[in-house]
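Asker: My structure file protein.cif, mmCIF, C-alpha atoms and all ligand atoms, is below:
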```cif
data_run
loop_
_atom_site.label_atom_id
_atom_site.label_comp_id
_atom_site.auth_asym_id
_atom_site.auth_seq_id
_atom_site.Cartn_x
_atom_site.Cartn_y
_atom_site.Cartn_z
CA MET M 1 -22.80 35.22 -28.30
CA ARG M 2 -19.48 33.55 -27.52
CA VAL M 3 -19.36 29.78 -27.24
CA GLY M 4 -18.37 30.04 -23.59
CA SER M 5 -21.38 32.13 -22.74
CA ALA M 6 -23.60 29.87 -24.83
CA ARG M 7 -22.40 26.90 -22.83
CA ARG M 8 -23.03 28.75 -19.58
CA LYS M 9 -26.55 29.43 -20.77
CA GLY M 10 -26.98 25.74 -21.46
CA VAL M 11 -27.40 26.09 -25.22
CA LEU M 12 -24.79 23.49 -26.02
CA GLY M 13 -26.07 21.29 -23.27
CA LEU M 14 -29.00 20.45 -25.52
CA VAL M 15 -26.84 18.37 -27.84
CA SER M 16 -24.08 15.91 -27.09
CA ALA M 17 -20.47 16.67 -28.00
CA ARG M 18 -20.57 13.73 -30.39
CA SER M 19 -23.61 14.99 -32.23
CA ILE M 20 -22.08 18.46 -32.46
CA SER M 21 -18.88 17.19 -33.93
CA SER M 22 -20.58 14.92 -36.45
CA ALA M 23 -22.95 17.69 -37.45
CA VAL M 24 -20.10 20.18 -37.74
CA VAL M 25 -18.43 17.77 -40.15
CA ALA M 26 -21.74 17.66 -42.04
CA ILE M 27 -21.96 21.44 -42.07
CA CYS M 28 -18.49 21.72 -43.46
CA SER M 29 -18.29 18.82 -45.84
CA ASN M 30 -21.59 19.93 -47.36
CA GLY M 31 -22.37 17.10 -49.60
CA VAL M 32 -20.64 13.83 -48.96
CA TRP M 33 -23.56 12.30 -47.13
CA THR M 34 -25.89 9.89 -48.77
CA GLU M 35 -29.25 8.68 -47.65
CA VAL M 36 -29.21 4.92 -47.44
CA SER M 37 -32.35 3.07 -46.53
CA GLY M 38 -32.47 -0.29 -44.78
CA THR M 39 -32.49 -1.99 -48.16
CA GLY M 40 -29.31 -0.26 -49.22
CA ARG M 41 -31.09 1.89 -51.79
CA ARG M 42 -30.41 5.62 -51.89
CA THR M 43 -33.61 7.38 -51.13
CA GLY M 44 -34.79 10.77 -49.95
CA LEU M 45 -37.38 9.17 -47.71
CA ARG M 46 -36.01 8.27 -44.34
CA ARG M 47 -37.60 7.17 -41.13
CA ALA M 48 -39.29 10.13 -39.47
CA SER M 49 -38.04 11.33 -36.09
CA GLY M 50 -40.34 11.06 -33.06
CA LEU M 51 -41.30 14.72 -33.30
CA GLU M 52 -42.00 14.45 -37.01
CA LYS M 53 -44.19 11.39 -36.40
CA ILE M 54 -46.27 13.30 -33.87
CA SER M 55 -46.47 16.28 -36.22
CA ASP M 56 -47.49 14.04 -39.13
CA ARG M 57 -50.19 12.44 -37.02
CA LEU M 58 -51.57 15.81 -35.96
CA PHE M 59 -51.20 17.81 -39.15
CA ASN M 60 -50.31 15.58 -42.08
CA SER M 61 -51.62 12.33 -43.38
CA ASP M 62 -50.26 9.45 -45.40
CA VAL M 63 -53.47 8.79 -47.28
CA GLU M 64 -52.38 9.00 -50.89
CA ARG M 65 -53.97 11.02 -53.67
CA ARG M 66 -53.94 8.95 -56.84
CA PRO M 67 -51.81 10.45 -59.63
CA ALA M 68 -53.75 8.68 -62.45
CA GLY M 69 -53.69 11.03 -65.41
CA ARG M 70 -53.61 14.19 -63.34
CA ALA M 71 -51.62 17.10 -64.72
CA VAL M 72 -48.39 18.29 -63.13
CA VAL M 73 -46.05 20.98 -64.48
CA VAL M 74 -42.30 20.64 -63.80
CA THR M 75 -39.97 23.51 -64.70
CA GLY M 76 -36.29 23.00 -65.55
CA ALA M 77 -36.81 19.45 -66.79
CA SER M 78 -33.77 19.17 -69.06
CA SER M 79 -31.37 17.79 -66.45
CA GLY M 80 -30.67 16.96 -62.81
CA ILE M 81 -33.50 17.06 -60.30
CA GLY M 82 -36.10 18.29 -62.80
CA ARG M 83 -35.50 15.56 -65.34
CA THR M 84 -35.41 12.85 -62.66
CA THR M 85 -38.62 14.21 -61.15
CA VAL M 86 -40.33 14.05 -64.54
CA LEU M 87 -39.28 10.39 -64.89
CA ARG M 88 -40.57 9.54 -61.44
CA LEU M 89 -43.87 11.41 -61.68
CA ALA M 90 -44.61 9.97 -65.13
CA ALA M 91 -43.85 6.45 -63.88
CA ALA M 92 -46.27 7.05 -60.99
CA GLY M 93 -49.05 7.86 -63.46
CA TYR M 94 -49.12 11.66 -63.66
CA ARG M 95 -49.49 13.50 -66.95
CA VAL M 96 -46.31 15.57 -66.77
CA PHE M 97 -45.90 18.87 -68.62
CA ALA M 98 -42.11 19.17 -68.65
CA GLY M 99 -40.61 22.63 -69.15
CA VAL M 100 -37.49 22.71 -71.34
CA ARG M 101 -35.71 25.43 -73.29
CA ARG M 102 -34.24 23.43 -76.17
CA ASP M 103 -35.71 21.04 -78.74
CA GLN M 104 -33.05 18.42 -78.08
CA ASP M 105 -34.04 18.26 -74.39
CA ALA M 106 -37.69 17.76 -75.38
CA HIS M 107 -36.76 14.91 -77.72
CA ARG M 108 -34.52 13.26 -75.13
CA LEU M 109 -37.27 13.36 -72.52
CA VAL M 110 -39.85 11.83 -74.80
CA ALA M 111 -37.39 9.10 -75.80
CA ASP M 112 -36.38 8.26 -72.24
CA VAL M 113 -39.61 8.53 -70.28
CA ARG M 114 -42.08 5.74 -69.84
CA GLY M 115 -45.43 7.36 -69.27
CA ASP M 116 -47.34 10.45 -70.25
CA VAL M 117 -44.91 13.33 -70.75
CA VAL M 118 -45.66 16.48 -72.72
CA PRO M 119 -42.59 18.71 -73.23
CA VAL M 120 -43.39 22.41 -73.21
CA ARG M 121 -41.05 25.22 -74.18
CA LEU M 122 -40.54 27.16 -71.02
CA ASP M 123 -38.01 29.75 -69.99
CA VAL M 124 -39.42 30.96 -66.67
CA THR M 125 -38.06 34.46 -67.32
CA ASP M 126 -40.04 34.74 -70.57
CA ALA M 127 -43.50 36.13 -69.77
CA ASP M 128 -44.96 34.97 -73.11
CA GLN M 129 -43.81 31.39 -72.60
CA VAL M 130 -45.14 31.35 -69.03
CA ALA M 131 -48.51 32.66 -70.26
CA ALA M 132 -48.57 30.10 -73.09
CA VAL M 133 -48.13 27.22 -70.63
CA ALA M 134 -50.99 28.56 -68.50
CA ALA M 135 -53.21 28.93 -71.58
CA ARG M 136 -52.41 25.37 -72.58
CA MET M 137 -53.47 24.13 -69.15
CA ALA M 138 -56.82 25.85 -69.65
CA THR M 139 -57.48 24.20 -73.01
CA GLU M 140 -55.85 20.78 -72.58
CA GLN M 141 -57.07 20.08 -69.09
CA ASP M 142 -60.65 20.78 -69.99
CA GLY M 143 -61.45 22.46 -66.68
CA ALA M 144 -59.84 19.73 -64.56
CA GLY M 145 -57.10 22.09 -63.41
CA VAL M 146 -53.51 21.35 -62.49
CA HIS M 147 -52.57 19.08 -59.58
CA GLY M 148 -49.03 20.20 -59.13
CA LEU M 149 -46.51 22.85 -60.06
CA VAL M 150 -42.95 21.76 -59.33
CA ASN M 151 -40.94 24.99 -59.41
CA ASN M 152 -37.55 23.43 -59.99
CA ALA M 153 -35.83 25.61 -62.63
CA GLY M 154 -32.79 27.20 -61.08
CA ALA M 155 -29.31 28.50 -61.68
CA THR M 156 -26.25 29.28 -59.56
CA LEU M 157 -23.85 32.12 -59.11
CA LEU M 158 -21.09 31.68 -56.56
CA GLY M 159 -18.40 34.11 -55.54
CA PRO M 160 -17.46 36.58 -52.80
CA TRP M 161 -20.02 39.42 -52.64
CA GLU M 162 -17.30 41.99 -53.22
CA ARG M 163 -16.75 40.61 -56.73
CA VAL M 164 -20.20 39.49 -57.78
CA SER M 165 -21.42 41.11 -60.99
CA LEU M 166 -24.66 42.83 -60.08
CA GLU M 167 -25.97 42.23 -63.58
CA GLU M 168 -25.43 38.49 -63.15
CA PHE M 169 -27.03 38.66 -59.72
CA ARG M 170 -30.11 40.39 -61.21
CA GLN M 171 -30.36 37.62 -63.80
CA LEU M 172 -30.10 34.98 -61.08
CA LEU M 173 -32.93 36.64 -59.13
CA GLU M 174 -35.01 36.61 -62.33
CA VAL M 175 -34.60 32.85 -62.70
CA ASN M 176 -34.59 31.65 -59.09
CA VAL M 177 -37.17 34.02 -57.60
CA VAL M 178 -39.14 36.13 -60.09
CA GLY M 179 -39.50 33.21 -62.53
CA GLN M 180 -40.83 30.92 -59.79
CA MET M 181 -43.37 33.53 -58.74
CA ALA M 182 -44.38 34.12 -62.37
CA MET M 183 -45.20 30.43 -62.69
CA ILE M 184 -47.22 30.51 -59.49
CA GLN M 185 -49.19 33.58 -60.57
CA ALA M 186 -49.95 32.03 -63.95
CA LEU M 187 -50.99 28.61 -62.64
CA LEU M 188 -52.68 29.43 -59.35
CA PRO M 189 -56.22 29.58 -60.83
CA HIS M 190 -55.66 26.11 -62.36
CA LEU M 191 -54.17 24.76 -59.13
CA ARG M 192 -57.11 26.11 -57.14
CA ARG M 193 -59.53 24.34 -59.46
CA ALA M 194 -57.86 20.99 -58.82
CA GLY M 195 -57.00 21.44 -55.14
CA GLY M 196 -53.41 21.29 -56.31
CA ARG M 197 -49.96 21.85 -54.86
CA VAL M 198 -47.06 24.17 -55.38
CA VAL M 199 -43.77 22.39 -54.69
CA ASN M 200 -40.91 24.88 -54.63
CA ILE M 201 -37.39 23.47 -54.83
CA GLY M 202 -35.47 25.50 -52.29
CA SER M 203 -32.12 24.51 -50.83
CA MET M 204 -30.30 24.10 -47.55
CA ALA M 205 -28.54 27.26 -48.77
CA GLY M 206 -31.90 28.94 -48.20
CA ARG M 207 -31.64 28.14 -44.50
CA VAL M 208 -27.90 28.54 -43.86
CA ALA M 209 -25.70 30.63 -46.15
CA GLY M 210 -22.08 29.53 -46.49
CA PRO M 211 -19.32 31.93 -47.55
CA VAL M 212 -19.01 32.40 -51.33
CA PHE M 213 -22.57 31.05 -51.71
CA GLY M 214 -24.02 34.54 -51.10
CA PRO M 215 -25.83 35.22 -54.42
CA TYR M 216 -27.32 31.73 -54.67
CA ALA M 217 -28.26 31.68 -50.97
CA ALA M 218 -29.91 35.10 -51.27
CA THR M 219 -32.24 33.76 -53.98
CA LYS M 220 -33.07 30.64 -51.98
CA PHE M 221 -33.73 32.65 -48.80
CA ALA M 222 -36.06 34.82 -50.90
CA LEU M 223 -37.88 31.74 -52.13
CA GLU M 224 -38.36 30.62 -48.51
CA GLY M 225 -40.01 33.92 -47.58
CA ALA M 226 -42.14 33.99 -50.71
CA SER M 227 -43.31 30.42 -50.09
CA ASP M 228 -44.18 31.06 -46.44
CA ALA M 229 -46.26 34.11 -47.35
CA LEU M 230 -47.99 32.33 -50.23
CA ARG M 231 -48.80 29.29 -48.08
CA ARG M 232 -50.53 31.54 -45.59
CA GLU M 233 -52.35 33.50 -48.29
CA VAL M 234 -53.86 30.46 -50.00
CA ARG M 235 -54.63 28.63 -46.79
CA GLY M 236 -58.29 27.67 -46.96
CA GLN M 237 -58.33 27.69 -50.78
CA GLY M 238 -57.46 24.01 -51.07
CA VAL M 239 -53.94 24.73 -52.36
CA HIS M 240 -50.88 23.52 -50.45
CA VAL M 241 -47.48 25.16 -50.75
CA VAL M 242 -44.49 22.96 -49.99
CA LEU M 243 -40.78 23.74 -49.84
CA VAL M 244 -38.31 20.97 -50.63
CA GLU M 245 -34.86 21.82 -49.27
CA PRO M 246 -32.18 19.48 -50.60
CA GLY M 247 -28.60 19.25 -49.44
CA ALA M 248 -25.88 18.51 -51.98
CA ILE M 249 -27.19 16.59 -54.99
CA ALA M 250 -24.95 15.32 -57.79
CA THR M 251 -26.30 17.19 -60.83
CA PRO M 252 -24.84 19.27 -63.70
CA ILE M 253 -25.44 22.44 -61.67
CA TRP M 254 -22.03 22.04 -60.01
CA GLY M 255 -20.23 22.17 -63.35
CA LYS M 256 -21.93 25.27 -64.67
CA ALA M 257 -19.92 28.30 -65.69
CA SER M 258 -21.42 30.68 -63.14
CA LEU M 259 -19.06 29.56 -60.40
CA ARG M 260 -16.69 32.48 -59.93
CA LEU M 261 -14.09 30.59 -57.95
CA ASP M 262 -10.79 31.64 -59.52
CA PRO M 263 -8.50 33.60 -57.20
CA THR M 264 -7.10 36.87 -58.53
CA GLY M 265 -3.57 35.77 -57.66
CA PRO M 266 -1.45 34.12 -54.97
CA ASP M 267 -2.19 36.94 -52.49
CA ASP M 268 -5.95 36.97 -53.01
CA VAL M 269 -7.63 37.68 -49.66
CA TYR M 270 -10.35 35.18 -50.63
CA GLY M 271 -7.87 32.61 -51.99
CA ASP M 272 -8.30 29.97 -49.27
CA LEU M 273 -12.08 30.29 -49.18
CA LEU M 274 -12.37 30.05 -52.97
CA ALA M 275 -10.11 26.99 -53.13
CA GLY M 276 -11.95 25.45 -50.17
CA VAL M 277 -15.34 25.92 -51.79
CA ARG M 278 -14.11 24.61 -55.13
CA HIS M 279 -12.45 21.47 -53.78
CA GLY M 280 -14.31 20.86 -50.54
CA ILE M 281 -17.85 21.60 -51.71
CA VAL M 282 -18.33 21.98 -55.46
CA GLU M 283 -16.17 19.06 -56.61
CA ARG M 284 -17.25 16.80 -53.74
CA SER M 285 -20.91 17.55 -54.30
CA ALA M 286 -20.62 16.82 -58.02
CA GLN M 287 -18.96 13.47 -57.29
CA HIS M 288 -20.48 12.37 -53.99
CA GLY M 289 -23.75 14.27 -53.67
CA MET M 290 -26.98 12.34 -53.30
CA SER M 291 -28.82 11.05 -56.31
CA PRO M 292 -31.39 13.51 -57.72
CA ASP M 293 -33.90 10.70 -57.34
CA ALA M 294 -33.79 11.32 -53.58
CA VAL M 295 -35.38 14.70 -54.26
CA ALA M 296 -37.77 13.31 -56.88
CA ALA M 297 -39.06 10.78 -54.35
CA VAL M 298 -39.78 13.56 -51.88
CA VAL M 299 -41.54 15.62 -54.57
CA LEU M 300 -43.77 12.63 -55.38
CA ARG M 301 -44.57 12.28 -51.71
CA ALA M 302 -45.37 15.99 -51.36
CA LEU M 303 -47.78 15.69 -54.29
CA THR M 304 -49.51 12.53 -53.18
CA VAL M 305 -49.96 12.50 -49.40
CA SER M 306 -53.28 13.97 -48.47
CA ARG M 307 -51.72 16.65 -46.29
CA PRO M 308 -48.09 17.39 -47.05
CA ARG M 309 -45.57 18.94 -44.71
CA THR M 310 -44.74 22.59 -45.27
CA ARG M 311 -41.04 21.71 -45.61
CA TYR M 312 -39.07 18.63 -46.51
CA VAL M 313 -35.34 18.81 -45.82
CA VAL M 314 -33.60 16.21 -48.01
CA GLY M 315 -30.28 14.68 -47.00
CA ARG M 316 -28.31 14.28 -43.83
CA ASP M 317 -26.02 17.19 -44.64
CA ALA M 318 -29.01 19.50 -44.99
CA ARG M 319 -30.73 18.25 -41.83
CA ALA M 320 -27.57 18.59 -39.74
CA ARG M 321 -26.83 22.05 -41.08
CA VAL M 322 -30.36 23.35 -40.60
CA ARG M 323 -30.74 21.91 -37.09
CA LEU M 324 -27.39 23.04 -35.79
CA ALA M 325 -27.52 26.49 -37.29
CA GLY M 326 -30.84 26.98 -35.51
CA LEU M 327 -29.32 25.82 -32.25
CA LEU M 328 -25.80 27.20 -32.18
CA PRO M 329 -24.76 30.86 -31.92
CA ASP M 330 -24.03 32.58 -35.25
CA ARG M 331 -20.41 33.27 -34.37
CA PHE M 332 -19.78 29.61 -33.62
CA VAL M 333 -21.23 28.60 -36.98
CA ASP M 334 -19.20 31.36 -38.69
CA THR M 335 -15.95 30.21 -37.14
CA THR M 336 -16.57 26.57 -37.91
CA LEU M 337 -17.70 27.03 -41.50
CA VAL M 338 -14.98 29.49 -42.44
CA GLY M 339 -12.34 27.57 -40.50
CA VAL M 340 -12.95 24.24 -42.17
CA ILE M 341 -13.45 25.61 -45.69
CA SER M 342 -10.29 27.75 -45.41
CA ARG M 343 -8.30 24.79 -44.09
CA VAL M 344 -9.32 22.67 -47.09
CA GLY M 345 -8.46 25.57 -49.39
CA ARG M 346 -5.07 26.19 -47.78
CA ALA M 347 -4.15 22.54 -48.06
CA GLN M 348 -5.15 22.48 -51.73
CA ARG M 349 -3.16 25.60 -52.51
CA SER M 350 -0.07 24.26 -50.83
CA GLY M 351 -0.47 20.91 -52.58
CA GLY M 352 -1.36 18.96 -49.43
CA THR M 353 -4.54 17.37 -48.14
CA ALA M 354 -6.68 18.76 -45.33
CA ARG M 355 -7.39 16.44 -42.49
N1 LIG M 401 -27.81 20.14 -57.10
C1 LIG M 401 -27.91 20.50 -55.83
O1 LIG M 401 -27.03 20.21 -54.99
C2 LIG M 401 -29.11 21.29 -55.37
C3 LIG M 401 -29.29 21.43 -53.98
C4 LIG M 401 -30.37 22.16 -53.53
C5 LIG M 401 -31.25 22.73 -54.44
N2 LIG M 401 -31.05 22.59 -55.78
C6 LIG M 401 -32.02 23.23 -56.69
O2 LIG M 401 -32.58 22.24 -57.52
C7 LIG M 401 -33.04 22.85 -58.71
C8 LIG M 401 -32.56 22.03 -59.91
O3 LIG M 401 -31.15 22.09 -59.95
P1 LIG M 401 -30.23 20.89 -60.44
O4 LIG M 401 -29.25 20.65 -59.37
O5 LIG M 401 -31.05 19.78 -60.94
O6 LIG M 401 -29.42 21.63 -61.61
P2 LIG M 401 -29.41 21.48 -63.19
O7 LIG M 401 -29.21 20.08 -63.59
O8 LIG M 401 -28.46 22.51 -63.65
O9 LIG M 401 -30.89 21.89 -63.61
C9 LIG M 401 -31.34 23.21 -63.65
C10 LIG M 401 -32.54 23.25 -64.55
O10 LIG M 401 -33.07 24.58 -64.54
C11 LIG M 401 -33.22 24.98 -65.88
N3 LIG M 401 -33.19 26.42 -66.04
C12 LIG M 401 -32.18 27.30 -65.79
N4 LIG M 401 -32.58 28.54 -66.08
C13 LIG M 401 -33.85 28.44 -66.53
C14 LIG M 401 -34.79 29.37 -66.99
N5 LIG M 401 -34.52 30.69 -67.11
N6 LIG M 401 -36.03 28.93 -67.37
C15 LIG M 401 -36.32 27.63 -67.29
N7 LIG M 401 -35.47 26.68 -66.89
C16 LIG M 401 -34.24 27.10 -66.51
C17 LIG M 401 -32.10 24.30 -66.63
O11 LIG M 401 -32.41 24.31 -68.00
P3 LIG M 401 -31.28 24.43 -69.16
O12 LIG M 401 -30.68 23.06 -69.30
O13 LIG M 401 -32.04 24.86 -70.36
O14 LIG M 401 -30.28 25.45 -68.68
C18 LIG M 401 -32.17 22.93 -66.00
O15 LIG M 401 -33.20 22.17 -66.58
C19 LIG M 401 -32.53 24.29 -58.68
O16 LIG M 401 -33.57 25.12 -58.27
C20 LIG M 401 -31.44 24.24 -57.65
O17 LIG M 401 -31.24 25.48 -57.03
C21 LIG M 401 -29.99 21.89 -56.27
#
```
What would you get if you wrote out this structure as structure tokens?
Ligand SMILES: NC(=O)c1ccc[n+]([C@@H]2O[C@H](COP(=O)([O-])OP(=O)(O)OC[C@H]3O[C@@H](n4cnc5c(N)ncnc54)[C@H](OP(=O)(O)O)[C@@H]3O)[C@@H](O)[C@H]2O)c1
Answerer:
Amino acid sequence: MRVGSARRKGVLGLVSARSISSAVVAICSNGVWTEVSGTGRRTGLRRASGLEKISDRLFNSDVERRPAGRAVVVTGASSGIGRTTVLRLAAAGYRVFAGVRRDQDAHRLVADVRGDVVPVRLDVTDADQVAAVAARMATEQDGAGVHGLVNNAGATLLGPWERVSLEEFRQLLEVNVVGQMAMIQALLPHLRRAGGRVVNIGSMAGRVAGPVFGPYAATKFALEGASDALRREVRGQGVHVVLVEPGAIATPIWGKASLRLDPTGPDDVYGDLLAGVRHGIVERSAQHGMSPDAVAAVVLRALTVSRPRTRYVVGRDARARVRLAGLLPDRFVDTTLVGVISRVGRAQRSGGTAR
């Protein structure tokens, strides 16, 4: 649908020009927003909108479930959101089984965390390690079950689809999708026993896919579908399934090697997009993204309120992107996203600064 025809149909009339332009900036800058509460602290918990308040009153509740000594499993606990979530959940009183792949990460966690943390060796693509964690829950929890599975482990792979290595893409699917589902399959009996929760760490890239983010977005869209189906399957079994969808968070993920952002040469047809994503999104997110504790706070909330929401979008950038993409025609979002990213890239390549 063209913008003109959208306007005629009154689609754009639903939002003011000012809110469109600020949200378009949010869509494009993808990661310079921070959540600041009234006290000046960065936090993922913001004041709910009117609609959310009504929805919370009808469907959710703020009555808290006490963490005291209850078992929670967090995957990908060596760094970023996972590590911060372990710190927060342990401080709140949970017994946290923290999945790491290296001894040094286990030692670091134990040294840094105040509270009850049990590091477990866990590569979510290793069926034996996944089974071992489930077996340990059966013996150590003495029939009490598991109160939460925070499916956080994740990796990235960025690059134009035309150039993505399919082998690398298969590996990414193994970590970001198959691995998450393996953990759910293994722990669901224990979660059912405790009336527990699955908290899947999705992404705003699982709601709106930017150019060059294709492989990563595909895995996060898959996680959305898997979570929706699972939530409906276990409805009535006392298990809640929650998706947490963060915007840009400043974590080591942005510095990882699987960002295929180098142009093939000065005439690369993807040159501007690649430079735009590198400078306008990846570098800005690494430096100015929200604190991972914003996500950890939301995870704690999803585990403790008596009836959690099905989705928590974390960060202004994510909320603006998700709302507007649902409201505006695809072609308008395409033009805006590609236009702004390419402009940033062009300016970088020519040594200037995009305005
Ligand atoms: N940062 C953001 O802007 C952002 C935004 C939205 C969503 N997310 C999501 O948040 C989650 C955490 O990412 P992060 O930003 O905190 O990045 P991070 O610091 O790179 O953390 C990723 C974690 O996943 C672990 N991991 C990777 N492959 C694994 C595997 N096969 N088995 C088990 N663990 C594995 C890593 O362990 P090793 O150290 O052993 O590699 C690490 O602990 C991911 O699912 C990511 O997609 C991040």
Asker: Pull the neighbourhood of (-56.3, 27.2, -62.7) for me: all residues within 7 Å in file coordinates, counting all atoms listed in the file, as an MDAnalysis selection string.
Answerer: chainID M and resid 145:146 187:193
Asker: Hey, which residues come within 7 Å of ligand LIG 401 (chain M) if we count only C-alpha atoms and all ligand atoms? Could you give them as a short mmCIF file (atom, residue, chain, number, x, y, z; two decimals) with C-alpha atoms, keeping the file's coordinate frame?
Answerer:
```cif
data_model
loop_
_atom_site.label_atom_id
_atom_site.label_comp_id
_atom_site.auth_asym_id
_atom_site.auth_seq_id
_atom_site.Cartn_x
_atom_site.Cartn_y
_atom_site.Cartn_z
CA THR M 75 -39.97 23.51 -64.70
CA GLY M 76 -36.29 23.00 -65.55
CA ALA M 77 -36.81 19.45 -66.79
CA SER M 78 -33.77 19.17 -69.06
CA SER M 79 -31.37 17.79 -66.45
CA GLY M 80 -30.67 16.96 -62.81
CA ILE M 81 -33.50 17.06 -60.30
CA GLY M 82 -36.10 18.29 -62.80
CA GLY M 99 -40.61 22.63 -69.15
CA VAL M 100 -37.49 22.71 -71.34
CA ARG M 101 -35.71 25.43 -73.29
CA ARG M 102 -34.24 23.43 -76.17
CA LEU M 122 -40.54 27.16 -71.02
CA ASP M 123 -38.01 29.75 -69.99
CA VAL M 124 -39.42 30.96 -66.67
CA THR M 125 -38.06 34.46 -67.32
CA ASN M 152 -37.55 23.43 -59.99
CA ALA M 153 -35.83 25.61 -62.63
CA GLY M 154 -32.79 27.20 -61.08
CA ALA M 155 -29.31 28.50 -61.68
CA THR M 156 -26.25 29.28 -59.56
CA VAL M 175 -34.60 32.85 -62.70
CA ASN M 176 -34.59 31.65 -59.09
CA ILE M 201 -37.39 23.47 -54.83
CA GLY M 202 -35.47 25.50 -52.29
CA SER M 203 -32.12 24.51 -50.83
CA MET M 204 -30.30 24.10 -47.55
CA GLU M 245 -34.86 21.82 -49.27
CA PRO M 246 -32.18 19.48 -50.60
CA GLY M 247 -28.60 19.25 -49.44
CA ALA M 248 -25.88 18.51 -51.98
CA ILE M 249 -27.19 16.59 -54.99
CA ALA M 250 -24.95 15.32 -57.79
CA THR M 251 -26.30 17.19 -60.83
CA PRO M 252 -24.84 19.27 -63.70
CA ILE M 253 -25.44 22.44 -61.67
CA TRP M 254 -22.03 22.04 -60.01
CA SER M 285 -20.91 17.55 -54.30
CA GLY M 289 -23.75 14.27 -53.67
#
```
Asker: Write out as an mmCIF file with C-alpha atoms, in the coordinates of the input the residues lying within 9 Å of M:Tyr270, counting all atoms listed in the file and excluding same-chain residues fewer than 6 positions away.
Answerer:
```cif
data_model
loop_
_atom_site.group_PDB
_atom_site.id
_atom_site.type_symbol
_atom_site.label_atom_id
_atom_site.label_comp_id
_atom_site.auth_asym_id
_atom_site.auth_seq_id
_atom_site.Cartn_x
_atom_site.Cartn_y
_atom_site.Cartn_z
ATOM 1 C CA PRO M 160 -17.460 36.580 -52.800
ATOM 2 C CA PRO M 263 -8.500 33.600 -57.200
ATOM 3 C CA THR M 264 -7.100 36.870 -58.530
#
```
Asker: Could you tell me which of M:Leu261, M:Leu303, M:Leu173, M:Leu328 comes closest to M:Ala217 if we count all atoms listed in the file?
Answerer: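 That would be M:Leu173, the residue with the smallest distance to M:Ala217.
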Asker: Looking at M:Pro308, M:Arg70, M:Val239, M:Glu162, which one is nearest to M:Gly143, with distances taken over all atoms listed in the file?
Answerer: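 Smallest separation from M:Gly143 among the options: M:Arg70.
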Asker: To one decimal place, how far is atom CA of M:Arg235 from atom CA of M:Thr310 in Å?
Answerer: 11.7 Å
Asker: Name the residues in contact with M:Gly339 at a cut-off of 10 Å, using only C-alpha atoms, excluding same-chain residues fewer than 5 positions from it; report them as a ChimeraX atom specification.
Answerer: /M:28,272-273,276,333-334,344-345
Asker: Mind writing the picked residues with C-alpha atoms as a PDB file, in the frame of the given file?
Answerer:
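Writing done, so here's out-v5.pdb:
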```
ATOM      1  CA  CYS M  28     -18.490  21.720 -43.460  1.00  0.00           C
ATOM      2  CA  ASP M 272      -8.300  29.970 -49.270  1.00  0.00           C
ATOM      3  CA  LEU M 273     -12.080  30.290 -49.180  1.00  0.00           C
ATOM      4  CA  GLY M 276     -11.950  25.450 -50.170  1.00  0.00           C
ATOM      5  CA  VAL M 333     -21.230  28.600 -36.980  1.00  0.00           C
ATOM      6  CA  ASP M 334     -19.200  31.360 -38.690  1.00  0.00           C
ATOM      7  CA  VAL M 344      -9.320  22.670 -47.090  1.00  0.00           C
ATOM      8  CA  GLY M 345      -8.460  25.570 -49.390  1.00  0.00           C
TER       9      GLY M 345
END
```
Asker: When you draw a straight line from atom CA of M:Gln141 to atom CA of M:Val198, how long is it in Å?
Answerer: 17.5 Å
Asker: Could you check which residues have any atom within 12 Å of (-34.8, 28.7, -47.7), counting only C-alpha atoms with coordinates taken straight from the file, and then list them as an MDAnalysis selection string?
Answerer: chainID M and resid 176:177 200:209 216:228 242:247 310:313 318 322
Asker: Restricting the calculation to all atoms listed in the file: of M:Pro292, M:Leu337, M:Ile281, M:Arg163, which residue gets closest to M:Asp262?
Answerer: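 The shortest atom-to-atom distance to M:Asp262 comes from M:Arg163.
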Asker: Please indicate the distance in Å from atom CA of M:Glu167 to atom CA of M:Ser258, rounded to one decimal place.
Answerer: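 Between atom CA of M:Glu167 and atom CA of M:Ser258 the gap is 12.4 Å.
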Asker: Determine the nearest neighbour of M:Ala138 from the options M:Val96, M:Ala90, M:Val340, M:Ala71, counting all atoms listed in the file.
Answerer: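 The shortest atom-to-atom distance to M:Ala138 comes from M:Ala71.
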Asker: So which one's closest to M:Arg136, M:Val120, M:Ala98, M:Val74, M:Val314? Using only C-alpha atoms, please.
Answerer: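 So, comparing all the options, the nearest one is M:Val120.
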Asker: Would you place a box with edges along x, y and z of the file around all atoms of stretch 236-247 of chain M listed there, add 3 Å to each of its six sides, and report the centre and edge lengths in Å to one decimal, as AutoDock Vina command-line options?
Answerer:
```
--center_x -43.5 --center_y 23.5 --center_z -49.7 --size_x 35.7 --size_y 14.4 --size_z 11.4
```
